[in-house]
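Reading through the structure tokens given below for one structure.
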Amino acid sequence: MSNWSDTLAVFDLETTGIDVETSRIVSATVAIIDVAGEVLERVDWLLDPGIDIPVQATNVHGITTEYAVQNGRIAADGVSEIVATIREHLARGLPLVAYNAPYDLTLLNRESIRHGVAPLDAPSPVVDPLVIDKAVDRYRKGKRTLEVTSAFYGVTLDDAHDSGADAIAAGRVAQAIARAHVKALPLTVGELHVLQAQWALQQAESFQAYMRRERDPEFIAAGGWPER
């Protein structure tokens, strides 16, 4: 089988909201896992996002505005370090795993621009287990959240919506998919990156068609992978 999944960089953000254009980073993890899914390196950040953290967001990740203000880093410094860490791992040739990559990578891009940090330039190769899972197991019923998909692939996720737990689980899910769907996936991660962009586009078009049919004739699905 392909060995692209032997060593992976993994990445996750917890944020103030769901809109990538306006939401801010509250916490982040960038780690490296080995072939057994064990953590080799890990860096965690807690940032003061510079805006109030809405109660809905705190209910998801458990971090309050007060806690972030008292204990968090200045956002610009944290964003700069997150980008530098990812850039370094990609430069070493490590694939970057992010579950629903366009959310985390687009939000990181907007935060970089907001704080005057040189953003990642077309990050590659990216591995997005959400996009791959939808492509290789298209007709499976049920939700595709990280929690549900982790359980399906036998990956333990004890502390969902903690950036570290989520990042590491996403990497292990990517490895499980690589093992389970050897024939469906290309041998190199470069080819996989290109294929995921095509799959993501097809998935967005399919979702848009469904929404227009069922809910809103004007609905437009956000396209663009791994960044919008």
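Each chain in the structure tokens gets a letter, A, B and so on, in the order shown; residues start at 1 in every chain, and ligands are counted from 1 in the order they appear.
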| message | Based on the backbone DSSP call, show me all residues of segment 109-166 of chain A assigned helix (DSSP H, G or I), as number ranges by chain. | response | A: 109-114, 129-136, 146-152, 163-166
| Residues within 9 Å of His115 of chain A, only C-alpha atoms, excluding chain neighbours under 2 positions, as a ChimeraX atom specification | /A:75-77,79-80,110-113,117
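Minimum atom-to-atom distances from A:Arg87, A:Arg179, A:Arg144, A:His193 to Val126 of chain A were compared using only C-alpha atoms, and the lowest value belongs to A:His193.
Residue-level DSSP output for segment 42-128 of chain A, from the backbone, shows strand (DSSP E) at A:Arg42, A:Val43, A:Asp44, A:Trp45, A:Leu46, A:Leu47, A:Asp48, A:Arg73, A:Ile74, A:Leu96, A:Val97, A:Val126, A:Val127.
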Kindly provide the residues of segment 75-187 of chain A that approach segment 55-71 of chain A to within 9 Å, each paired with its closest atom pair and their distance in Å to one decimal, based on only C-alpha atoms, listed by chain and increasing number, as JSON lines.
{"residue": "A:Ala160", "atom": "CA", "partner": "A:His61", "partner_atom": "CA", "distance": 8.2}
{"residue": "A:His161", "atom": "CA", "partner": "A:His61", "partner_atom": "CA", "distance": 5.2}
{"residue": "A:Asp162", "atom": "CA", "partner": "A:His61", "partner_atom": "CA", "distance": 6.1}
{"residue": "A:Ser163", "atom": "CA", "partner": "A:His61", "partner_atom": "CA", "distance": 8.4}
Would you export the selected residues with C-alpha atoms as a PDB file, in the first residue's frame, please?
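Saved file again.pdb follows:
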ATOM      1  CA  ALA A 160     -14.336  15.998  20.930  1.00  0.00           C
ATOM      2  CA  HIS A 161     -14.021  19.729  20.193  1.00  0.00           C
ATOM      3  CA  ASP A 162     -10.654  19.942  21.866  1.00  0.00           C
ATOM      4  CA  SER A 163      -8.310  21.023  19.077  1.00  0.00           C
TER       5      SER A 163
END
| Which of these, A:Asp19, A:Ser27, A:Ala84, A:Ala135, has the shortest distance to Ala118 of chain A once you count only C-alpha atoms? | A:Ala84
| request: Fewer than 2 positions away in the same chain doesn't count, so skip those; otherwise give me all residues within 10 Å of His89 of chain A, counting only C-alpha atoms, as a PyMOL selection string. | output: chain A and resi 8-10+30-32+84-87+91-96
Store the residues picked out above, limited to N, CA, C and O atoms, as a PDB file, in the first residue's frame.
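Saved to selection-v9.pdb:
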ATOM      1  N   LEU A   8       2.187  11.840   9.383  1.00  0.00           N
ATOM      2  CA  LEU A   8       1.279  12.916   8.977  1.00  0.00           C
ATOM      3  C   LEU A   8       1.360  14.095   9.938  1.00  0.00           C
ATOM      4  O   LEU A   8       1.470  13.907  11.150  1.00  0.00           O
ATOM      5  N   ALA A   9       1.286  15.299   9.394  1.00  0.00           N
ATOM      6  CA  ALA A   9       1.017  16.481  10.203  1.00  0.00           C
ATOM      7  C   ALA A   9      -0.496  16.601  10.330  1.00  0.00           C
ATOM      8  O   ALA A   9      -1.221  16.319   9.374  1.00  0.00           O
ATOM      9  N   VAL A  10      -0.969  16.992  11.503  1.00  0.00           N
ATOM     10  CA  VAL A  10      -2.417  17.109  11.728  1.00  0.00           C
ATOM     11  C   VAL A  10      -2.709  18.483  12.323  1.00  0.00           C
ATOM     12  O   VAL A  10      -1.887  19.045  13.043  1.00  0.00           O
ATOM     13  N   VAL A  30      -1.246  21.803  16.191  1.00  0.00           N
ATOM     14  CA  VAL A  30      -0.546  21.204  15.050  1.00  0.00           C
ATOM     15  C   VAL A  30       0.349  20.115  15.643  1.00  0.00           C
ATOM     16  O   VAL A  30       1.138  20.385  16.563  1.00  0.00           O
ATOM     17  N   ALA A  31       0.192  18.895  15.159  1.00  0.00           N
ATOM     18  CA  ALA A  31       0.966  17.777  15.691  1.00  0.00           C
ATOM     19  C   ALA A  31       1.460  16.912  14.540  1.00  0.00           C
ATOM     20  O   ALA A  31       1.076  17.110  13.383  1.00  0.00           O
ATOM     21  N   ILE A  32       2.327  15.960  14.869  1.00  0.00           N
ATOM     22  CA  ILE A  32       2.788  14.957  13.902  1.00  0.00           C
ATOM     23  C   ILE A  32       2.518  13.592  14.511  1.00  0.00           C
ATOM     24  O   ILE A  32       2.813  13.359  15.691  1.00  0.00           O
ATOM     25  N   ALA A  84       3.650  29.395  10.684  1.00  0.00           N
ATOM     26  CA  ALA A  84       5.063  29.001  10.554  1.00  0.00           C
ATOM     27  C   ALA A  84       5.240  27.505  10.802  1.00  0.00           C
ATOM     28  O   ALA A  84       6.022  26.834  10.092  1.00  0.00           O
ATOM     29  N   THR A  85       4.510  26.970  11.772  1.00  0.00           N
ATOM     30  CA  THR A  85       4.629  25.544  12.104  1.00  0.00           C
ATOM     31  C   THR A  85       4.105  24.684  10.953  1.00  0.00           C
ATOM     32  O   THR A  85       4.744  23.699  10.559  1.00  0.00           O
ATOM     33  N   ILE A  86       2.944  25.054  10.409  1.00  0.00           N
ATOM     34  CA  ILE A  86       2.394  24.306   9.269  1.00  0.00           C
ATOM     35  C   ILE A  86       3.327  24.413   8.066  1.00  0.00           C
ATOM     36  O   ILE A  86       3.608  23.414   7.386  1.00  0.00           O
ATOM     37  N   ARG A  87       3.835  25.605   7.820  1.00  0.00           N
ATOM     38  CA  ARG A  87       4.726  25.824   6.672  1.00  0.00           C
ATOM     39  C   ARG A  87       5.967  24.925   6.772  1.00  0.00           C
ATOM     40  O   ARG A  87       6.403  24.321   5.789  1.00  0.00           O
ATOM     41  N   ALA A  91       7.050  21.926   4.282  1.00  0.00           N
ATOM     42  CA  ALA A  91       8.374  22.011   3.662  1.00  0.00           C
ATOM     43  C   ALA A  91       9.162  20.719   3.860  1.00  0.00           C
ATOM     44  O   ALA A  91      10.003  20.356   3.021  1.00  0.00           O
ATOM     45  N   ARG A  92       8.897  20.013   4.968  1.00  0.00           N
ATOM     46  CA  ARG A  92       9.537  18.715   5.219  1.00  0.00           C
ATOM     47  C   ARG A  92       8.892  17.597   4.405  1.00  0.00           C
ATOM     48  O   ARG A  92       9.318  16.431   4.492  1.00  0.00           O
ATOM     49  N   GLY A  93       7.845  17.930   3.659  1.00  0.00           N
ATOM     50  CA  GLY A  93       7.185  16.926   2.826  1.00  0.00           C
ATOM     51  C   GLY A  93       6.085  16.160   3.529  1.00  0.00           C
ATOM     52  O   GLY A  93       5.603  15.150   3.019  1.00  0.00           O
ATOM     53  N   LEU A  94       5.673  16.630   4.706  1.00  0.00           N
ATOM     54  CA  LEU A  94       4.600  15.940   5.423  1.00  0.00           C
ATOM     55  C   LEU A  94       3.241  16.377   4.895  1.00  0.00           C
ATOM     56  O   LEU A  94       2.993  17.583   4.746  1.00  0.00           O
ATOM     57  N   PRO A  95       2.334  15.439   4.613  1.00  0.00           N
ATOM     58  CA  PRO A  95       0.968  15.833   4.281  1.00  0.00           C
ATOM     59  C   PRO A  95       0.309  16.465   5.505  1.00  0.00           C
ATOM     60  O   PRO A  95       0.603  16.075   6.637  1.00  0.00           O
ATOM     61  N   LEU A  96      -0.576  17.431   5.270  1.00  0.00           N
ATOM     62  CA  LEU A  96      -1.291  18.107   6.351  1.00  0.00           C
ATOM     63  C   LEU A  96      -2.732  17.603   6.377  1.00  0.00           C
ATOM     64  O   LEU A  96      -3.480  17.808   5.423  1.00  0.00           O
TER      65      LEU A  96
END
| Selected residue of minimal separation from Asp104 of chain A among A:Met211, A:Val136, A:Ala167, A:Ile33, counting only C-alpha atoms | A:Ala167
| query | What separation in Å, quoted to one decimal, exists between atom CA of Gly164 of chain A and atom CA of Ser150 of chain A? | reply | 14.5 Å
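Those residues that approach Phe219 of chain A to within 10 Å, counting only C-alpha atoms, are A:Phe207, A:Gln208, A:Ala209, A:Tyr210, A:Met211, A:Arg212, A:Arg213; same-chain residues fewer than 5 positions away are not listed.
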| message | Residues near Ala28 of chain A, anyone? I mean within 6 Å using only C-alpha atoms, not counting same-chain ones fewer than 2 positions away, as a ChimeraX atom specification. | response | /A:12-13,44-45,163
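Proximity ranking of A:Val155, A:Ala197, A:Val182, A:Ile220 relative to Trp4 of chain A places A:Val182 first, based on only C-alpha atoms.
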